[in-house]
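Student: Below are the structure tokens for one structure; questions will follow.
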Amino acid sequence: MKYVEEFRNPELARRLVRAIHQIEGGPWTIMEVCGGQTHGLVRAGIPELLRGKVRLIHGPGCPVCVTPVAMIDRAIALACRPDVTLCSFGDMLRVPGSRSSLLHARSRGADVRIVYSPLDAARLAERLPEREIVFFAVGFETTAPATALAVQYASARGLENFSVLCCHVLVLPAMEMLLQAKNCSIQAFLAAGHVCTVTGYEGYHDLARRYRVPIVVTGFEPLDLLEGIWLACRMLHGQVYEVRNQYRRSVRRGGNPAAWQRAMTVYEVCDRVWRGLGRIERSGLRLRDEYRRYDAEAKFTFDGESGAEDPRCRAGEVLQGALRPDECEAFGKECTPEHPLGAPMVSAEGACAAYWQYGRRPRAVRG
Amino acid sequence: MCLGVPGEVVRLYEPDPRDGLLEGEVDFGGVRRRVCLACVPDVRVGEYVIVHAGVAITRIDEQAAQEMLAELARIGEIEHELGPEGDVLESSGEGQ
């Protein structure tokens with residue numbers, strides 16, 4: 001596929017690995033923010049290739065993983081109503097709530113459907129006027145334009161049976177929270193390429209300067225990831241605390257205003273609780289007043305308090321890069337993709353899932 | 001979740017007046033899908049876009065892609081000329 005194969009060229013990758021090792025200094029600790037990057041790195045075996053020079057720690061950029069248990073419980077409660085069809089991206093289905101998961105609810109008769117696009121959910125509302133269609137809107141800045149489009153579609157077509165359970169989060173406030181932590185070991189960031197495709201990276205300069213941390217906006221293929229790390233190491237070596245854009249074929253400095261302005265027409269910034277990280281100020285999106293009738297939390301009533309997280313799950317530490325998935329006592333034992341204790345084991349972007357999938361699980365349970 | 005897949009725009013649909021959304025058909029290495037193009041309003045047939053959750057979020061800058069690959073090829077050449085001890089740090093402009 002064009003724009004994929006050429007960025008997996010093994011010879012250029014080998015050269016980049018050598019070039020990274022030749023930079024004087026280190027070892028440096030670099031966090032890749034996005035879970036898609038975590039999977040790309042682990043799949044390509046890049047952490048091993050850079051051992052001794054760069055320690056890669058995995059960031060909180062997995063929207064599925066940071067969606068609070070209470071919101072998953074609400075999604076399940078909605079799905080169990082006889083008049084509701086709950087639509088979701090596929091990797092939310094296995095994520096454990098406090099008592100159950102959407103997959104479990106579906107096996108007991110709830111109408112839960114996997115959609116590829118939020119617009120598909122809005123179109124379903126048009127086809128099934130007798131049902132209430134709720135879209136479980138999780139995702140970072142990358143996804144917010146798509147769910148905003150679905151809301152605008154429903155609004156333009158007068159669909160009153162469509163709503164979203166909004167859990168959108170913003171990545172920059174979470175990056176800053178990690179930098180403020182007492183034992184923060186992050187020396188540089190690979191910023192999330194598709195988030196910056198939408199928002200641009202103007203907001204990152206201030207963070208880089210104030211916390212003296214180089215930031216490289218980075219793509220997802222092996223050459224993107226290696227070049228991002230190479231640029232970060234060069235800045236660390238030269239004590240340069242700026243922002244570079246590695247992913248230039250997709251990311252412009254100002255982002256894509258047509259996408260981000262559309263999202264901000266429908267949403268406004270609010271405080272949000274992140275699963276594993278807690279409340280972060282101004283780190284989420286909620287529907288603006290003029291679109292409130294599409295807010296599932298305003299449309300439906302929910303009774304009962306939500307239960308707690310499984311105490312054996314250390315996802316919070318994993319999401320902050322403080323614990324490697326295979327250092328967790330439960331990894332591969334009490335916690336597997338079939339019986340997950342937490343979200344990172346079952347999300348397509350979860351760090352635990354990456355370690356499980358690409359063979360980093362402890363020898364005892366391998367194969 | 002933030003997965004984005006590159007594909008070629010092969011057809012533009014006439015926008016439906018009920019919602020005005022620009023849509024088209026995108027070819028992903030042989031698999032074709034209907035994609036919302038509202039966030040890339042100037043896109044033309046034959047251009048590549050990155051698609052996330054059924055929505056094109058950017059047009060791919062072909063020139064930037066080629067420049068990156070050429071820069072990477074240069075890293076290797078300079079390293080070859082200078083030998084394993086050569087300082088590659090000064091060899092290439094920072095990507096901006």
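Going by the structure tokens order, chains are called A, B, ..., each with residues numbered from 1, while ligands are numbered from 1 in the order shown.
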Write down, as number ranges by chain, each residue of chain A that has any atom within 8 Å of an atom of chain B, counting only C-alpha atoms.

Tutor: A: 1-4, 7, 12, 15-16, 19, 22-23, 34, 36, 62-64, 116-119, 139-140, 142-143, 146, 153, 156-157, 194-195, 197-198, 231, 234, 244-246, 248-251, 256, 258-259, 348-349

Student: Which residues, written as a list in words, have at least one atom at most 6 Å from Arg275 (chain A), with only C-alpha atoms counted and residues fewer than 4 positions away on the same chain left out?

Tutor: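 Residues meeting the cut-off are Val66, Thr67 and Pro68 of chain A.
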
Student: Just the strand (DSSP E or B) stuff from region 53-172 of chain A, please, per backbone DSSP, written as a list in words.

Tutor: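 Filtering region 53-172 of chain A to strand (DSSP E or B) leaves Val54, Arg55, Leu56, Ile57, His58, Gly59, Pro60, Gly61, Val84, Thr85, Leu86, Cys87, Ser88, Val112, Arg113, Ile114, Glu132, Ile133, Val134, Phe135, Phe136, Ala137, Phe162, Ser163, Val164, Leu165, Cys166 and Val169 of chain A.
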
Student: Distance CA of Leu190 (chain A)-CA of Arg314 (chain A), one decimal place?

Tutor: 23.5 Å

Student: Grab the CA of Asp326 (chain A) to CA of Arg272 (chain A) distance for me, in Å with one decimal place.

Tutor: 28.7 Å

Student: Tell me which protein, DNA and RNA residues are within 8 Å of region 206-221 of chain A, counting only C-alpha atoms, leaving out same-chain ones fewer than 6 positions away, and put them as a compact mmCIF listing (two decimals) with N, CA, C and O atoms, in the first residue's frame.

Tutor:
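Listing of out.txt after writing:
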# COMPACT_ATOMS: atom_id res chain seq x y z
N VAL A 4 2.65 3.30 3.03
CA VAL A 4 2.83 2.37 4.14
C VAL A 4 4.13 1.62 3.93
O VAL A 4 5.08 1.74 4.71
N PHE A 7 7.60 3.25 4.18
CA PHE A 7 8.00 3.69 5.51
C PHE A 7 8.29 2.51 6.44
O PHE A 7 8.37 2.66 7.66
N ARG A 8 8.45 1.33 5.80
CA ARG A 8 8.86 0.14 6.56
C ARG A 8 10.16 -0.42 6.01
O ARG A 8 10.51 -1.57 6.28
N GLY A 36 -1.18 3.77 19.54
CA GLY A 36 -0.88 3.26 18.20
C GLY A 36 0.63 3.22 17.98
O GLY A 36 1.15 2.30 17.34
N GLN A 37 1.33 4.20 18.53
CA GLN A 37 2.80 4.21 18.44
C GLN A 37 3.39 3.09 19.30
O GLN A 37 4.35 2.43 18.89
N GLY A 40 3.15 0.01 17.30
CA GLY A 40 4.11 0.05 16.20
C GLY A 40 5.53 -0.25 16.67
O GLY A 40 6.28 -1.01 16.04
N GLU A 176 1.01 17.27 30.31
CA GLU A 176 1.49 18.21 31.33
C GLU A 176 1.36 17.60 32.72
O GLU A 176 2.26 17.74 33.55
N LEU A 179 4.24 15.40 33.40
CA LEU A 179 5.48 16.14 33.64
C LEU A 179 5.52 16.73 35.05
O LEU A 179 6.59 16.97 35.61
N ILE A 186 10.37 11.27 32.35
CA ILE A 186 10.27 11.55 30.91
C ILE A 186 11.25 12.65 30.51
O ILE A 186 11.21 13.74 31.06
N GLN A 187 12.13 12.36 29.55
CA GLN A 187 13.07 13.38 29.07
C GLN A 187 12.68 13.95 27.72
O GLN A 187 13.16 15.00 27.33
N ALA A 188 11.87 13.21 26.97
CA ALA A 188 11.39 13.70 25.68
C ALA A 188 10.08 12.99 25.35
O ALA A 188 9.83 11.89 25.85
N PHE A 189 9.29 13.62 24.50
CA PHE A 189 8.03 13.02 24.06
C PHE A 189 8.06 12.76 22.56
O PHE A 189 8.54 13.60 21.79
N LEU A 190 7.48 11.64 22.13
CA LEU A 190 7.01 11.51 20.76
C LEU A 190 5.53 11.85 20.82
O LEU A 190 4.75 11.11 21.43
N ALA A 191 5.15 13.00 20.27
CA ALA A 191 3.74 13.41 20.34
C ALA A 191 2.93 12.64 19.29
O ALA A 191 3.47 12.18 18.28
N ALA A 192 1.63 12.54 19.55
CA ALA A 192 0.75 11.70 18.74
C ALA A 192 0.47 12.33 17.38
O ALA A 192 -0.14 13.39 17.29
N GLY A 193 0.90 11.66 16.31
CA GLY A 193 0.83 12.22 14.97
C GLY A 193 -0.56 12.55 14.47
O GLY A 193 -0.76 13.57 13.80
N HIS A 194 -1.53 11.71 14.78
CA HIS A 194 -2.86 11.98 14.22
C HIS A 194 -3.63 13.00 15.05
O HIS A 194 -4.47 13.73 14.51
N CYS A 196 -2.10 15.58 16.31
CA CYS A 196 -1.53 16.84 15.78
C CYS A 196 -1.98 17.11 14.34
O CYS A 196 -2.01 18.26 13.91
N GLY A 228 11.59 9.86 14.56
CA GLY A 228 11.13 10.65 15.70
C GLY A 228 12.09 10.51 16.88
O GLY A 228 12.47 11.49 17.52
N ILE A 229 12.50 9.26 17.15
CA ILE A 229 13.43 9.01 18.27
C ILE A 229 14.78 9.65 17.97
O ILE A 229 15.42 10.26 18.84
N LEU A 231 15.42 12.30 16.09
CA LEU A 231 15.32 13.76 16.26
C LEU A 231 15.26 14.12 17.75
O LEU A 231 15.88 15.10 18.18
N ALA A 232 14.56 13.30 18.53
CA ALA A 232 14.48 13.57 19.98
C ALA A 232 15.86 13.44 20.62
O ALA A 232 16.27 14.27 21.43
N MET A 235 18.07 16.40 19.89
CA MET A 235 17.74 17.55 20.73
C MET A 235 18.22 17.33 22.16
O MET A 235 18.72 18.26 22.79
N LEU A 236 18.07 16.11 22.68
CA LEU A 236 18.54 15.82 24.03
C LEU A 236 20.05 16.01 24.12
O LEU A 236 20.57 16.62 25.06
N VAL A 240 18.41 21.00 23.44
CA VAL A 240 17.47 21.86 22.72
C VAL A 240 16.07 21.45 23.15
O VAL A 240 15.72 20.27 23.06
N TYR A 241 15.27 22.40 23.65
CA TYR A 241 13.95 22.04 24.16
C TYR A 241 12.88 22.68 23.29
O TYR A 241 12.30 23.69 23.64
N GLU A 242 12.71 22.09 22.13
CA GLU A 242 11.80 22.64 21.14
C GLU A 242 10.87 21.55 20.60
O GLU A 242 10.90 20.42 21.06
N VAL A 243 10.09 21.94 19.60
CA VAL A 243 9.16 20.99 18.98
C VAL A 243 9.60 20.77 17.54
O VAL A 243 9.90 21.75 16.82
N ARG A 244 9.68 19.53 17.11
CA ARG A 244 9.97 19.21 15.71
C ARG A 244 8.80 18.41 15.15
O ARG A 244 8.14 17.68 15.90
N ASN A 245 8.62 18.52 13.86
CA ASN A 245 7.55 17.76 13.21
C ASN A 245 8.15 16.71 12.29
O ASN A 245 8.60 17.01 11.19
N GLN A 246 8.18 15.47 12.76
CA GLN A 246 8.67 14.37 11.93
C GLN A 246 7.64 13.97 10.88
O GLN A 246 8.00 13.56 9.78
N TYR A 247 6.34 14.09 11.22
CA TYR A 247 5.26 13.48 10.42
C TYR A 247 4.72 14.53 9.45
O TYR A 247 3.53 14.84 9.44
